[in-house]
$ cat upload_3.tsv   # TSV, N, CA and C atoms
chain	number	residue	atom	x	y	z
R	1	MET	N	1.29	7.20	32.99
R	1	MET	CA	1.39	6.62	34.32
R	1	MET	C	2.51	5.59	34.32
R	2	PRO	N	3.45	5.68	35.29
R	2	PRO	CA	4.57	4.72	35.32
R	2	PRO	C	4.08	3.31	35.59
R	3	LYS	N	4.75	2.39	34.97
R	3	LYS	CA	4.43	0.98	35.15
R	3	LYS	C	4.95	0.52	36.51
R	4	ASN	N	4.12	-0.21	37.27
R	4	ASN	CA	4.55	-0.74	38.56
R	4	ASN	C	5.47	-1.93	38.30
R	5	THR	N	6.72	-1.77	38.69
R	5	THR	CA	7.70	-2.83	38.44
R	5	THR	C	7.85	-3.76	39.64
R	6	GLY	N	7.11	-3.49	40.71
R	6	GLY	CA	7.20	-4.36	41.88
R	6	GLY	C	8.34	-3.97	42.78
R	7	PRO	N	8.61	-4.79	43.78
R	7	PRO	CA	9.67	-4.47	44.74
R	7	PRO	C	11.05	-4.49	44.08
R	8	LYS	N	11.90	-3.62	44.58
R	8	LYS	CA	13.27	-3.53	44.05
R	8	LYS	C	14.18	-4.52	44.77
R	9	ALA	N	15.06	-5.12	44.02
R	9	ALA	CA	16.02	-6.07	44.60
R	9	ALA	C	17.11	-5.31	45.33
R	10	SER	N	17.53	-5.86	46.43
R	10	SER	CA	18.66	-5.35	47.19
R	10	SER	C	19.71	-6.46	47.17
R	11	TRP	N	20.91	-6.14	46.73
R	11	TRP	CA	21.93	-7.17	46.55
R	11	TRP	C	23.07	-6.99	47.54
R	12	SER	N	23.36	-8.03	48.31
R	12	SER	CA	24.54	-8.03	49.17
R	12	SER	C	25.74	-8.49	48.32
R	13	ASP	N	26.92	-8.19	48.81
R	13	ASP	CA	28.13	-8.64	48.10
R	13	ASP	C	28.14	-10.17	47.97
R	14	LYS	N	27.68	-10.85	49.00
R	14	LYS	CA	27.66	-12.32	48.97
R	14	LYS	C	26.69	-12.83	47.90
R	15	GLU	N	25.54	-12.19	47.76
R	15	GLU	CA	24.59	-12.60	46.74
R	15	GLU	C	25.17	-12.41	45.34
R	16	VAL	N	25.86	-11.28	45.14
R	16	VAL	CA	26.48	-11.02	43.83
R	16	VAL	C	27.55	-12.07	43.56
R	17	GLU	N	28.36	-12.36	44.58
R	17	GLU	CA	29.40	-13.37	44.43
R	17	GLU	C	28.79	-14.73	44.08
R	18	GLU	N	27.74	-15.11	44.79
R	18	GLU	CA	27.09	-16.40	44.54
R	18	GLU	C	26.44	-16.43	43.15
R	19	LEU	N	25.89	-15.31	42.71
R	19	LEU	CA	25.30	-15.25	41.37
R	19	LEU	C	26.36	-15.49	40.31
R	20	VAL	N	27.47	-14.79	40.42
R	20	VAL	CA	28.56	-14.95	39.44
R	20	VAL	C	29.09	-16.38	39.46
R	21	LEU	N	29.29	-16.94	40.64
R	21	LEU	CA	29.77	-18.32	40.73
R	21	LEU	C	28.77	-19.31	40.14
R	22	TYR	N	27.49	-19.09	40.43
R	22	TYR	CA	26.46	-19.98	39.90
R	22	TYR	C	26.46	-19.96	38.37
R	23	LEU	N	26.46	-18.77	37.81
R	23	LEU	CA	26.43	-18.67	36.34
R	23	LEU	C	27.73	-19.19	35.73
R	24	HIS	N	28.83	-18.98	36.40
R	24	HIS	CA	30.10	-19.53	35.92
R	24	HIS	C	30.04	-21.06	35.89
R	25	ASN	N	29.51	-21.63	36.95
R	25	ASN	CA	29.41	-23.08	37.03
R	25	ASN	C	28.37	-23.67	36.08
R	26	HIS	N	27.47	-22.84	35.59
R	26	HIS	CA	26.43	-23.29	34.66
R	26	HIS	C	26.59	-22.65	33.28
R	27	PHE	N	27.82	-22.30	32.94
R	27	PHE	CA	28.08	-21.65	31.66
R	27	PHE	C	27.61	-22.48	30.48
R	28	SER	N	27.64	-23.80	30.64
R	28	SER	CA	27.20	-24.67	29.54
R	28	SER	C	25.71	-24.48	29.22
R	29	ALA	N	24.96	-23.88	30.16
R	29	ALA	CA	23.54	-23.63	29.92
R	29	ALA	C	23.31	-22.40	29.05
R	30	ALA	N	24.37	-21.63	28.82
R	30	ALA	CA	24.24	-20.43	27.97
R	30	ALA	C	24.08	-20.88	26.53
R	31	GLY	N	23.33	-20.10	25.79
R	31	GLY	CA	23.11	-20.42	24.38
R	31	GLY	C	24.35	-20.18	23.55
R	32	ASP	N	24.21	-20.39	22.25
R	32	ASP	CA	25.34	-20.21	21.34
R	32	ASP	C	25.92	-18.80	21.40
R	33	GLY	N	25.08	-17.82	21.66
R	33	GLY	CA	25.54	-16.44	21.74
R	33	GLY	C	26.11	-16.09	23.10
R	34	GLY	N	26.17	-17.06	24.00
R	34	GLY	CA	26.71	-16.81	25.33
R	34	GLY	C	25.70	-16.23	26.31
R	35	SER	N	24.43	-16.15	25.90
R	35	SER	CA	23.39	-15.61	26.78
R	35	SER	C	22.69	-16.72	27.54
R	36	PHE	N	22.42	-16.44	28.79
R	36	PHE	CA	21.69	-17.41	29.60
R	36	PHE	C	20.20	-17.31	29.30
R	37	THR	N	19.49	-18.39	29.52
R	37	THR	CA	18.06	-18.44	29.28
R	37	THR	C	17.29	-18.14	30.56
R	38	ASP	N	16.01	-17.85	30.42
R	38	ASP	CA	15.18	-17.56	31.59
R	38	ASP	C	15.17	-18.71	32.60
R	39	PRO	N	15.10	-19.98	32.18
R	39	PRO	CA	15.16	-21.05	33.18
R	39	PRO	C	16.46	-21.04	34.00
R	40	THR	N	17.57	-20.64	33.39
R	40	THR	CA	18.83	-20.56	34.13
R	40	THR	C	18.77	-19.43	35.15
R	41	PHE	N	18.22	-18.28	34.76
R	41	PHE	CA	18.08	-17.17	35.70
R	41	PHE	C	17.12	-17.54	36.83
R	42	ASN	N	16.06	-18.27	36.53
R	42	ASN	CA	15.13	-18.72	37.57
R	42	ASN	C	15.82	-19.67	38.55
R	43	ALA	N	16.63	-20.58	38.02
R	43	ALA	CA	17.37	-21.52	38.88
R	43	ALA	C	18.40	-20.77	39.73
R	44	ALA	N	19.03	-19.75	39.16
R	44	ALA	CA	19.99	-18.94	39.93
R	44	ALA	C	19.27	-18.21	41.07
R	45	ALA	N	18.06	-17.73	40.80
R	45	ALA	CA	17.28	-17.06	41.85
R	45	ALA	C	17.00	-18.02	43.00
R	46	GLU	N	16.67	-19.25	42.68
R	46	GLU	CA	16.43	-20.26	43.72
R	46	GLU	C	17.71	-20.55	44.50
R	47	HIS	N	18.82	-20.58	43.80
R	47	HIS	CA	20.12	-20.82	44.44
R	47	HIS	C	20.46	-19.72	45.45
R	48	LEU	N	20.00	-18.51	45.19
R	48	LEU	CA	20.35	-17.36	46.03
R	48	LEU	C	19.53	-17.27	47.32
R	49	ILE	N	18.46	-18.03	47.45
R	49	ILE	CA	17.58	-17.93	48.61
R	49	ILE	C	18.34	-18.01	49.94
R	50	PRO	N	19.26	-18.95	50.14
R	50	PRO	CA	19.95	-19.02	51.44
R	50	PRO	C	20.84	-17.81	51.75
R	51	TYR	N	21.14	-17.00	50.75
R	51	TYR	CA	22.05	-15.87	50.93
R	51	TYR	C	21.32	-14.54	51.08
R	52	LEU	N	19.99	-14.56	51.05
R	52	LEU	CA	19.18	-13.34	51.14
R	52	LEU	C	19.38	-12.66	52.49
R	53	LYS	N	19.76	-11.40	52.46
R	53	LYS	CA	19.96	-10.62	53.69
R	53	LYS	C	18.86	-9.59	53.89
R	54	SER	N	18.39	-8.98	52.79
R	54	SER	CA	17.34	-7.98	52.89
R	54	SER	C	16.62	-7.87	51.55
R	55	GLY	N	15.47	-7.22	51.62
R	55	GLY	CA	14.70	-7.05	50.40
R	55	GLY	C	13.92	-8.30	50.04
R	56	PRO	N	13.22	-8.23	48.90
R	56	PRO	CA	12.40	-9.37	48.49
R	56	PRO	C	13.25	-10.53	47.98
R	57	LYS	N	12.63	-11.70	47.96
R	57	LYS	CA	13.27	-12.88	47.35
R	57	LYS	C	13.54	-12.54	45.88
R	58	LYS	N	14.72	-12.91	45.41
R	58	LYS	CA	15.09	-12.63	44.03
R	58	LYS	C	14.26	-13.48	43.07
R	59	THR	N	13.89	-12.86	41.96
R	59	THR	CA	13.19	-13.57	40.88
R	59	THR	C	14.15	-13.74	39.72
R	60	GLY	N	13.78	-14.57	38.78
R	60	GLY	CA	14.60	-14.74	37.58
R	60	GLY	C	14.79	-13.42	36.86
R	61	LYS	N	13.75	-12.59	36.84
R	61	LYS	CA	13.83	-11.28	36.19
R	61	LYS	C	14.84	-10.37	36.89
R	62	MET	N	14.85	-10.39	38.22
R	62	MET	CA	15.81	-9.59	38.99
R	62	MET	C	17.23	-10.08	38.73
R	63	VAL	N	17.39	-11.40	38.71
R	63	VAL	CA	18.71	-11.99	38.47
R	63	VAL	C	19.21	-11.61	37.08
R	64	LYS	N	18.34	-11.68	36.10
R	64	LYS	CA	18.72	-11.32	34.73
R	64	LYS	C	19.13	-9.85	34.65
R	65	ALA	N	18.38	-8.97	35.32
R	65	ALA	CA	18.71	-7.54	35.33
R	65	ALA	C	20.07	-7.30	35.99
R	66	LYS	N	20.33	-8.00	37.09
R	66	LYS	CA	21.62	-7.84	37.79
R	66	LYS	C	22.76	-8.33	36.90
R	67	TRP	N	22.57	-9.48	36.26
R	67	TRP	CA	23.60	-10.04	35.39
R	67	TRP	C	23.88	-9.09	34.22
R	68	THR	N	22.83	-8.51	33.66
R	68	THR	CA	22.99	-7.56	32.57
R	68	THR	C	23.80	-6.34	33.03
R	69	ALA	N	23.50	-5.84	34.22
R	69	ALA	CA	24.24	-4.69	34.76
R	69	ALA	C	25.70	-5.04	35.02
R	70	LEU	N	25.94	-6.23	35.57
R	70	LEU	CA	27.32	-6.66	35.83
R	70	LEU	C	28.11	-6.80	34.53
R	71	ARG	N	27.48	-7.35	33.51
R	71	ARG	CA	28.16	-7.49	32.21
R	71	ARG	C	28.48	-6.12	31.61
R	72	LYS	N	27.58	-5.17	31.79
R	72	LYS	CA	27.80	-3.81	31.28
R	72	LYS	C	29.01	-3.17	31.97
R	73	ILE	N	29.09	-3.33	33.28
R	73	ILE	CA	30.23	-2.80	34.03
R	73	ILE	C	31.52	-3.48	33.59
R	74	TYR	N	31.47	-4.81	33.46
R	74	TYR	CA	32.65	-5.57	33.03
R	74	TYR	C	33.12	-5.09	31.65
R	75	THR	N	32.19	-4.92	30.73
R	75	THR	CA	32.54	-4.47	29.38
R	75	THR	C	33.16	-3.09	29.42
R	76	ALA	N	32.61	-2.20	30.25
R	76	ALA	CA	33.17	-0.85	30.37
R	76	ALA	C	34.60	-0.90	30.91
R	77	ILE	N	34.84	-1.74	31.90
R	77	ILE	CA	36.18	-1.86	32.47
R	77	ILE	C	37.15	-2.42	31.43
R	78	GLU	N	36.74	-3.45	30.72
R	78	GLU	CA	37.61	-4.04	29.70
R	78	GLU	C	37.92	-3.03	28.59
R	79	THR	N	36.93	-2.24	28.20
R	79	THR	CA	37.16	-1.20	27.19
R	79	THR	C	38.12	-0.16	27.72
R	80	TYR	N	37.91	0.27	28.96
R	80	TYR	CA	38.78	1.28	29.59
R	80	TYR	C	40.21	0.78	29.68
R	81	ARG	N	40.36	-0.50	30.07
R	81	ARG	CA	41.71	-1.08	30.18
R	81	ARG	C	42.46	-1.03	28.85
R	82	GLY	N	41.72	-1.11	27.76
R	82	GLY	CA	42.34	-1.12	26.44
R	82	GLY	C	42.73	0.25	25.91
R	83	LEU	N	42.33	1.31	26.62
R	83	LEU	CA	42.67	2.65	26.17
R	83	LEU	C	44.13	2.96	26.48
R	84	SER	N	44.76	3.66	25.61
R	84	SER	CA	46.15	4.05	25.81
R	84	SER	C	46.28	4.95	27.03
R	85	GLY	N	47.20	4.60	27.91
R	85	GLY	CA	47.47	5.42	29.09
R	85	GLY	C	46.52	5.18	30.25
R	86	CYS	N	45.58	4.25	30.11
R	86	CYS	CA	44.63	3.97	31.18
R	86	CYS	C	44.98	2.66	31.86
R	87	HIS	N	44.78	2.62	33.16
R	87	HIS	CA	45.17	1.45	33.95
R	87	HIS	C	43.96	0.90	34.70
R	88	TRP	N	43.94	-0.42	34.87
R	88	TRP	CA	42.95	-1.08	35.73
R	88	TRP	C	43.54	-2.38	36.21
R	89	ASP	N	43.42	-2.65	37.50
R	89	ASP	CA	43.76	-3.99	37.98
R	89	ASP	C	42.72	-4.41	39.00
R	90	SER	N	42.66	-5.70	39.25
R	90	SER	CA	41.60	-6.26	40.08
R	90	SER	C	41.68	-5.85	41.54
R	91	THR	N	42.84	-5.41	41.98
R	91	THR	CA	43.00	-5.02	43.38
R	91	THR	C	42.67	-3.55	43.60
R	92	ASN	N	43.19	-2.69	42.75
R	92	ASN	CA	43.06	-1.24	42.96
R	92	ASN	C	42.10	-0.55	42.01
R	93	GLY	N	41.45	-1.30	41.14
R	93	GLY	CA	40.57	-0.67	40.16
R	93	GLY	C	41.37	0.19	39.21
R	94	CYS	N	40.83	1.36	38.88
R	94	CYS	CA	41.56	2.22	37.95
R	94	CYS	C	42.54	3.11	38.70
R	95	SER	N	42.53	3.02	40.03
R	95	SER	CA	43.47	3.75	40.86
R	95	SER	C	43.55	5.22	40.47
R	96	VAL	N	42.37	5.84	40.41
R	96	VAL	CA	42.30	7.26	40.05
R	96	VAL	C	43.00	8.06	41.13
R	97	GLN	N	44.06	8.74	40.74
R	97	GLN	CA	44.83	9.55	41.68
R	97	GLN	C	45.10	10.90	41.04
R	98	GLY	N	44.79	11.93	41.77
R	98	GLY	CA	45.01	13.27	41.26
R	98	GLY	C	43.80	13.78	40.50
R	99	LYS	N	43.70	15.10	40.43
R	99	LYS	CA	42.54	15.73	39.78
R	99	LYS	C	42.47	15.41	38.30
R	100	ASP	N	43.60	15.41	37.60
R	100	ASP	CA	43.59	15.16	36.16
R	100	ASP	C	43.06	13.76	35.84
R	101	ALA	N	43.53	12.76	36.57
R	101	ALA	CA	43.08	11.39	36.35
R	101	ALA	C	41.61	11.26	36.70
R	102	GLU	N	41.18	11.95	37.75
R	102	GLU	CA	39.78	11.89	38.15
R	102	GLU	C	38.88	12.48	37.06
R	103	VAL	N	39.31	13.57	36.45
R	103	VAL	CA	38.55	14.19	35.37
R	103	VAL	C	38.43	13.23	34.18
R	104	VAL	N	39.51	12.55	33.83
R	104	VAL	CA	39.49	11.59	32.72
R	104	VAL	C	38.52	10.46	33.03
R	105	TRP	N	38.58	9.91	34.25
R	105	TRP	CA	37.70	8.81	34.63
R	105	TRP	C	36.23	9.26	34.60
R	106	GLU	N	35.92	10.41	35.20
R	106	GLU	CA	34.54	10.89	35.25
R	106	GLU	C	34.00	11.14	33.84
R	107	GLU	N	34.82	11.66	32.95
R	107	GLU	CA	34.40	11.90	31.57
R	107	GLU	C	34.14	10.57	30.86
R	108	TYR	N	35.01	9.60	31.10
R	108	TYR	CA	34.83	8.27	30.50
R	108	TYR	C	33.51	7.65	30.95
R	109	VAL	N	33.24	7.69	32.25
R	109	VAL	CA	32.01	7.12	32.79
R	109	VAL	C	30.80	7.85	32.22
R	110	LYS	N	30.86	9.17	32.15
R	110	LYS	CA	29.74	9.95	31.62
R	110	LYS	C	29.47	9.63	30.15
R	111	CYS	N	30.52	9.55	29.36
R	111	CYS	CA	30.38	9.31	27.93
R	111	CYS	C	29.93	7.88	27.63
R	112	ASN	N	30.23	6.95	28.52
R	112	ASN	CA	29.90	5.55	28.28
R	112	ASN	C	28.70	5.08	29.07
R	113	SER	N	28.05	5.99	29.78
R	113	SER	CA	26.82	5.69	30.53
R	113	SER	C	26.92	4.42	31.36
R	114	VAL	N	27.94	4.33	32.17
R	114	VAL	CA	28.11	3.16	33.05
R	114	VAL	C	28.25	3.64	34.49
R	115	LEU	N	28.16	2.66	35.38
R	115	LEU	CA	28.33	2.86	36.81
R	115	LEU	C	27.42	3.91	37.29
$ encode --input "upload_3.tsv" --output "structure tokens"
Amino acid sequence: MPKNTGPKASWSDKEVEELVLYLHNHFSAAGDGGSFTDPTFNAAAEHLIPYLKSGPKKTGKMVKAKWTALRKIYTAIETYRGLSGCHWDSTNGCSVQGKDAEVVWEEYVKCNSVL
């Protein structure tokens, strides 16, 4: 029987932006390994209350899950940028153009289990 995980978080772009800014501004709260603690995620959830557009109020657990997902995407992009012949910039992303480039990108995403 599947475990009931409760309501699913719905994230607006503004909430994601505020989460990243909050954690950036509280980077000193991260441990030696660069990981944030549960009290920091709980405080970030409280910070996000004014930005809630839909879905349930964010919990520390939801915030931690979102941060983990964002870090995974960031790591995948940084790894992709380091590959020979691959491009990424903050404005256009990987700028996949043409069928051949699209095939390379889709294979990369599939092999790296991201996005």
$ closest_residue --input "upload_3.tsv" --among "R:His26, R:Arg71, R:Lys53, R:Gly60" --to "Pro39 of chain R" --atoms "only C-alpha atoms"
R:Gly60
$ atom_distance --input "upload_3.tsv" --atom1 "atom CA of Lys66 of chain R" --atom2 "atom CA of Val103 of chain R"
27.9 Å
$ atom_distance --input "upload_3.tsv" --atom1 "atom N of Thr40 of chain R" --atom2 "atom C of Lys8 of chain R"
20.0 Å
$ closest_residue --input "upload_3.tsv" --among "R:Asp89, R:Asn25, R:Lys64, R:Ala76" --to "Lys110 of chain R" --atoms "only C-alpha atoms"
R:Ala76
$ residues_around --input "upload_3.tsv" --residues "Val20 of chain R" --least-positions-apart "4" --cutoff "10 Å" --atoms "only C-alpha atoms" --output "list in words"
Lys14, Glu15, Val16, His24, Asn25, His26, Ala44, Trp67 and Leu70 of chain R
$ atom_distance --input "upload_3.tsv" --atom1 "atom CA of Thr59 of chain R" --atom2 "atom C of Gly6 of chain R"
10.9 Å
$ closest_residue --input "upload_3.tsv" --among "R:Ser10, R:Thr79, R:Thr91, R:Ser28" --to "Leu52 of chain R" --atoms "all atoms listed in the file"
R:Ser10
$ select_by_dssp --input "upload_3.tsv" --residues "segment 7-61 of chain R" --states "helix (DSSP H, G or I)" --output "PyMOL selection string"
chain R and resi 13-25+27-29+38-51+60-61
$ axis_aligned_box --input "upload_3.tsv" --around "segment 20-37 of chain R" --padding-each-side "6 Å" --output "JSON"
{"center_x": 23.7, "center_y": -19.7, "center_z": 31.0, "size_x": 24.8, "size_y": 21.9, "size_z": 31.4}
$ closest_residue --input "upload_3.tsv" --among "R:Asp13, R:Glu46, R:Asn112, R:Leu19" --to "Thr68 of chain R" --atoms "only C-alpha atoms"
R:Leu19
$ decode --input "upload_3.tsv" --residues "segment 23-51 of chain R" --atoms "N, CA, C and O atoms" --output "PDB file, in the first residue's frame"
ATOM      1  N   LEU R  23      17.641  31.201   0.771  1.00  0.00           N
ATOM      2  CA  LEU R  23      18.748  30.303   1.105  1.00  0.00           C
ATOM      3  C   LEU R  23      20.098  30.942   0.792  1.00  0.00           C
ATOM      4  O   LEU R  23      21.065  30.744   1.535  1.00  0.00           O
ATOM      5  N   HIS R  24      20.157  31.725  -0.258  1.00  0.00           N
ATOM      6  CA  HIS R  24      21.395  32.453  -0.565  1.00  0.00           C
ATOM      7  C   HIS R  24      21.742  33.414   0.570  1.00  0.00           C
ATOM      8  O   HIS R  24      22.890  33.480   1.018  1.00  0.00           O
ATOM      9  N   ASN R  25      20.739  34.125   1.039  1.00  0.00           N
ATOM     10  CA  ASN R  25      20.956  35.088   2.116  1.00  0.00           C
ATOM     11  C   ASN R  25      21.247  34.431   3.461  1.00  0.00           C
ATOM     12  O   ASN R  25      21.753  35.080   4.367  1.00  0.00           O
ATOM     13  N   HIS R  26      20.922  33.155   3.587  1.00  0.00           N
ATOM     14  CA  HIS R  26      21.153  32.422   4.837  1.00  0.00           C
ATOM     15  C   HIS R  26      22.176  31.302   4.643  1.00  0.00           C
ATOM     16  O   HIS R  26      22.165  30.308   5.370  1.00  0.00           O
ATOM     17  N   PHE R  27      23.066  31.489   3.682  1.00  0.00           N
ATOM     18  CA  PHE R  27      24.066  30.465   3.381  1.00  0.00           C
ATOM     19  C   PHE R  27      24.917  30.120   4.597  1.00  0.00           C
ATOM     20  O   PHE R  27      25.349  28.986   4.764  1.00  0.00           O
ATOM     21  N   SER R  28      25.118  31.094   5.471  1.00  0.00           N
ATOM     22  CA  SER R  28      25.935  30.841   6.665  1.00  0.00           C
ATOM     23  C   SER R  28      25.286  29.802   7.585  1.00  0.00           C
ATOM     24  O   SER R  28      25.957  29.208   8.426  1.00  0.00           O
ATOM     25  N   ALA R  29      23.979  29.556   7.403  1.00  0.00           N
ATOM     26  CA  ALA R  29      23.289  28.552   8.212  1.00  0.00           C
ATOM     27  C   ALA R  29      23.553  27.132   7.716  1.00  0.00           C
ATOM     28  O   ALA R  29      23.234  26.166   8.400  1.00  0.00           O
ATOM     29  N   ALA R  30      24.153  27.019   6.542  1.00  0.00           N
ATOM     30  CA  ALA R  30      24.466  25.686   5.996  1.00  0.00           C
ATOM     31  C   ALA R  30      25.613  25.089   6.809  1.00  0.00           C
ATOM     32  O   ALA R  30      26.496  25.790   7.290  1.00  0.00           O
ATOM     33  N   GLY R  31      25.579  23.790   6.936  1.00  0.00           N
ATOM     34  CA  GLY R  31      26.631  23.103   7.681  1.00  0.00           C
ATOM     35  C   GLY R  31      27.939  23.092   6.923  1.00  0.00           C
ATOM     36  O   GLY R  31      28.055  23.646   5.826  1.00  0.00           O
ATOM     37  N   ASP R  32      28.926  22.434   7.502  1.00  0.00           N
ATOM     38  CA  ASP R  32      30.247  22.364   6.878  1.00  0.00           C
ATOM     39  C   ASP R  32      30.203  21.744   5.485  1.00  0.00           C
ATOM     40  O   ASP R  32      30.985  22.098   4.619  1.00  0.00           O
ATOM     41  N   GLY R  33      29.282  20.826   5.270  1.00  0.00           N
ATOM     42  CA  GLY R  33      29.160  20.183   3.963  1.00  0.00           C
ATOM     43  C   GLY R  33      28.338  21.000   2.985  1.00  0.00           C
ATOM     44  O   GLY R  33      28.106  20.569   1.860  1.00  0.00           O
ATOM     45  N   GLY R  34      27.896  22.173   3.393  1.00  0.00           N
ATOM     46  CA  GLY R  34      27.103  23.024   2.515  1.00  0.00           C
ATOM     47  C   GLY R  34      25.626  22.689   2.502  1.00  0.00           C
ATOM     48  O   GLY R  34      24.872  23.235   1.711  1.00  0.00           O
ATOM     49  N   SER R  35      25.192  21.780   3.382  1.00  0.00           N
ATOM     50  CA  SER R  35      23.781  21.390   3.445  1.00  0.00           C
ATOM     51  C   SER R  35      23.044  22.214   4.489  1.00  0.00           C
ATOM     52  O   SER R  35      23.567  22.460   5.566  1.00  0.00           O
ATOM     53  N   PHE R  36      21.839  22.600   4.135  1.00  0.00           N
ATOM     54  CA  PHE R  36      21.015  23.333   5.084  1.00  0.00           C
ATOM     55  C   PHE R  36      20.375  22.362   6.065  1.00  0.00           C
ATOM     56  O   PHE R  36      20.166  21.193   5.757  1.00  0.00           O
ATOM     57  N   THR R  37      20.042  22.854   7.238  1.00  0.00           N
ATOM     58  CA  THR R  37      19.426  22.037   8.271  1.00  0.00           C
ATOM     59  C   THR R  37      17.905  22.180   8.220  1.00  0.00           C
ATOM     60  O   THR R  37      17.374  23.115   7.606  1.00  0.00           O
ATOM     61  N   ASP R  38      17.216  21.273   8.885  1.00  0.00           N
ATOM     62  CA  ASP R  38      15.754  21.332   8.913  1.00  0.00           C
ATOM     63  C   ASP R  38      15.226  22.658   9.468  1.00  0.00           C
ATOM     64  O   ASP R  38      14.264  23.199   8.910  1.00  0.00           O
ATOM     65  N   PRO R  39      15.812  23.224  10.525  1.00  0.00           N
ATOM     66  CA  PRO R  39      15.313  24.528  10.983  1.00  0.00           C
ATOM     67  C   PRO R  39      15.418  25.624   9.907  1.00  0.00           C
ATOM     68  O   PRO R  39      14.541  26.493   9.818  1.00  0.00           O
ATOM     69  N   THR R  40      16.434  25.567   9.068  1.00  0.00           N
ATOM     70  CA  THR R  40      16.562  26.552   7.986  1.00  0.00           C
ATOM     71  C   THR R  40      15.461  26.342   6.954  1.00  0.00           C
ATOM     72  O   THR R  40      14.858  27.309   6.468  1.00  0.00           O
ATOM     73  N   PHE R  41      15.182  25.088   6.604  1.00  0.00           N
ATOM     74  CA  PHE R  41      14.103  24.812   5.656  1.00  0.00           C
ATOM     75  C   PHE R  41      12.751  25.224   6.241  1.00  0.00           C
ATOM     76  O   PHE R  41      11.896  25.748   5.521  1.00  0.00           O
ATOM     77  N   ASN R  42      12.555  25.012   7.535  1.00  0.00           N
ATOM     78  CA  ASN R  42      11.309  25.437   8.186  1.00  0.00           C
ATOM     79  C   ASN R  42      11.164  26.955   8.150  1.00  0.00           C
ATOM     80  O   ASN R  42      10.079  27.479   7.884  1.00  0.00           O
ATOM     81  N   ALA R  43      12.258  27.663   8.407  1.00  0.00           N
ATOM     82  CA  ALA R  43      12.227  29.132   8.365  1.00  0.00           C
ATOM     83  C   ALA R  43      11.968  29.621   6.937  1.00  0.00           C
ATOM     84  O   ALA R  43      11.240  30.600   6.726  1.00  0.00           O
ATOM     85  N   ALA R  44      12.540  28.938   5.954  1.00  0.00           N
ATOM     86  CA  ALA R  44      12.301  29.303   4.548  1.00  0.00           C
ATOM     87  C   ALA R  44      10.824  29.107   4.202  1.00  0.00           C
ATOM     88  O   ALA R  44      10.236  29.936   3.492  1.00  0.00           O
ATOM     89  N   ALA R  45      10.225  28.037   4.715  1.00  0.00           N
ATOM     90  CA  ALA R  45       8.795  27.797   4.469  1.00  0.00           C
ATOM     91  C   ALA R  45       7.957  28.944   5.031  1.00  0.00           C
ATOM     92  O   ALA R  45       7.015  29.417   4.375  1.00  0.00           O
ATOM     93  N   GLU R  46       8.308  29.417   6.205  1.00  0.00           N
ATOM     94  CA  GLU R  46       7.590  30.550   6.802  1.00  0.00           C
ATOM     95  C   GLU R  46       7.787  31.816   5.965  1.00  0.00           C
ATOM     96  O   GLU R  46       6.854  32.603   5.778  1.00  0.00           O
ATOM     97  N   HIS R  47       8.984  31.990   5.449  1.00  0.00           N
ATOM     98  CA  HIS R  47       9.281  33.154   4.607  1.00  0.00           C
ATOM     99  C   HIS R  47       8.432  33.159   3.336  1.00  0.00           C
ATOM    100  O   HIS R  47       8.091  34.223   2.810  1.00  0.00           O
ATOM    101  N   LEU R  48       8.086  31.980   2.842  1.00  0.00           N
ATOM    102  CA  LEU R  48       7.349  31.868   1.581  1.00  0.00           C
ATOM    103  C   LEU R  48       5.847  32.122   1.705  1.00  0.00           C
ATOM    104  O   LEU R  48       5.166  32.292   0.691  1.00  0.00           O
ATOM    105  N   ILE R  49       5.319  32.173   2.911  1.00  0.00           N
ATOM    106  CA  ILE R  49       3.874  32.325   3.102  1.00  0.00           C
ATOM    107  C   ILE R  49       3.284  33.497   2.318  1.00  0.00           C
ATOM    108  O   ILE R  49       2.267  33.326   1.640  1.00  0.00           O
ATOM    109  N   PRO R  50       3.884  34.689   2.327  1.00  0.00           N
ATOM    110  CA  PRO R  50       3.270  35.806   1.582  1.00  0.00           C
ATOM    111  C   PRO R  50       3.256  35.610   0.062  1.00  0.00           C
ATOM    112  O   PRO R  50       2.532  36.306  -0.638  1.00  0.00           O
ATOM    113  N   TYR R  51       4.025  34.670  -0.443  1.00  0.00           N
ATOM    114  CA  TYR R  51       4.139  34.471  -1.886  1.00  0.00           C
ATOM    115  C   TYR R  51       3.288  33.314  -2.393  1.00  0.00           C
ATOM    116  O   TYR R  51       3.285  33.021  -3.583  1.00  0.00           O
TER     117      TYR R  51
END
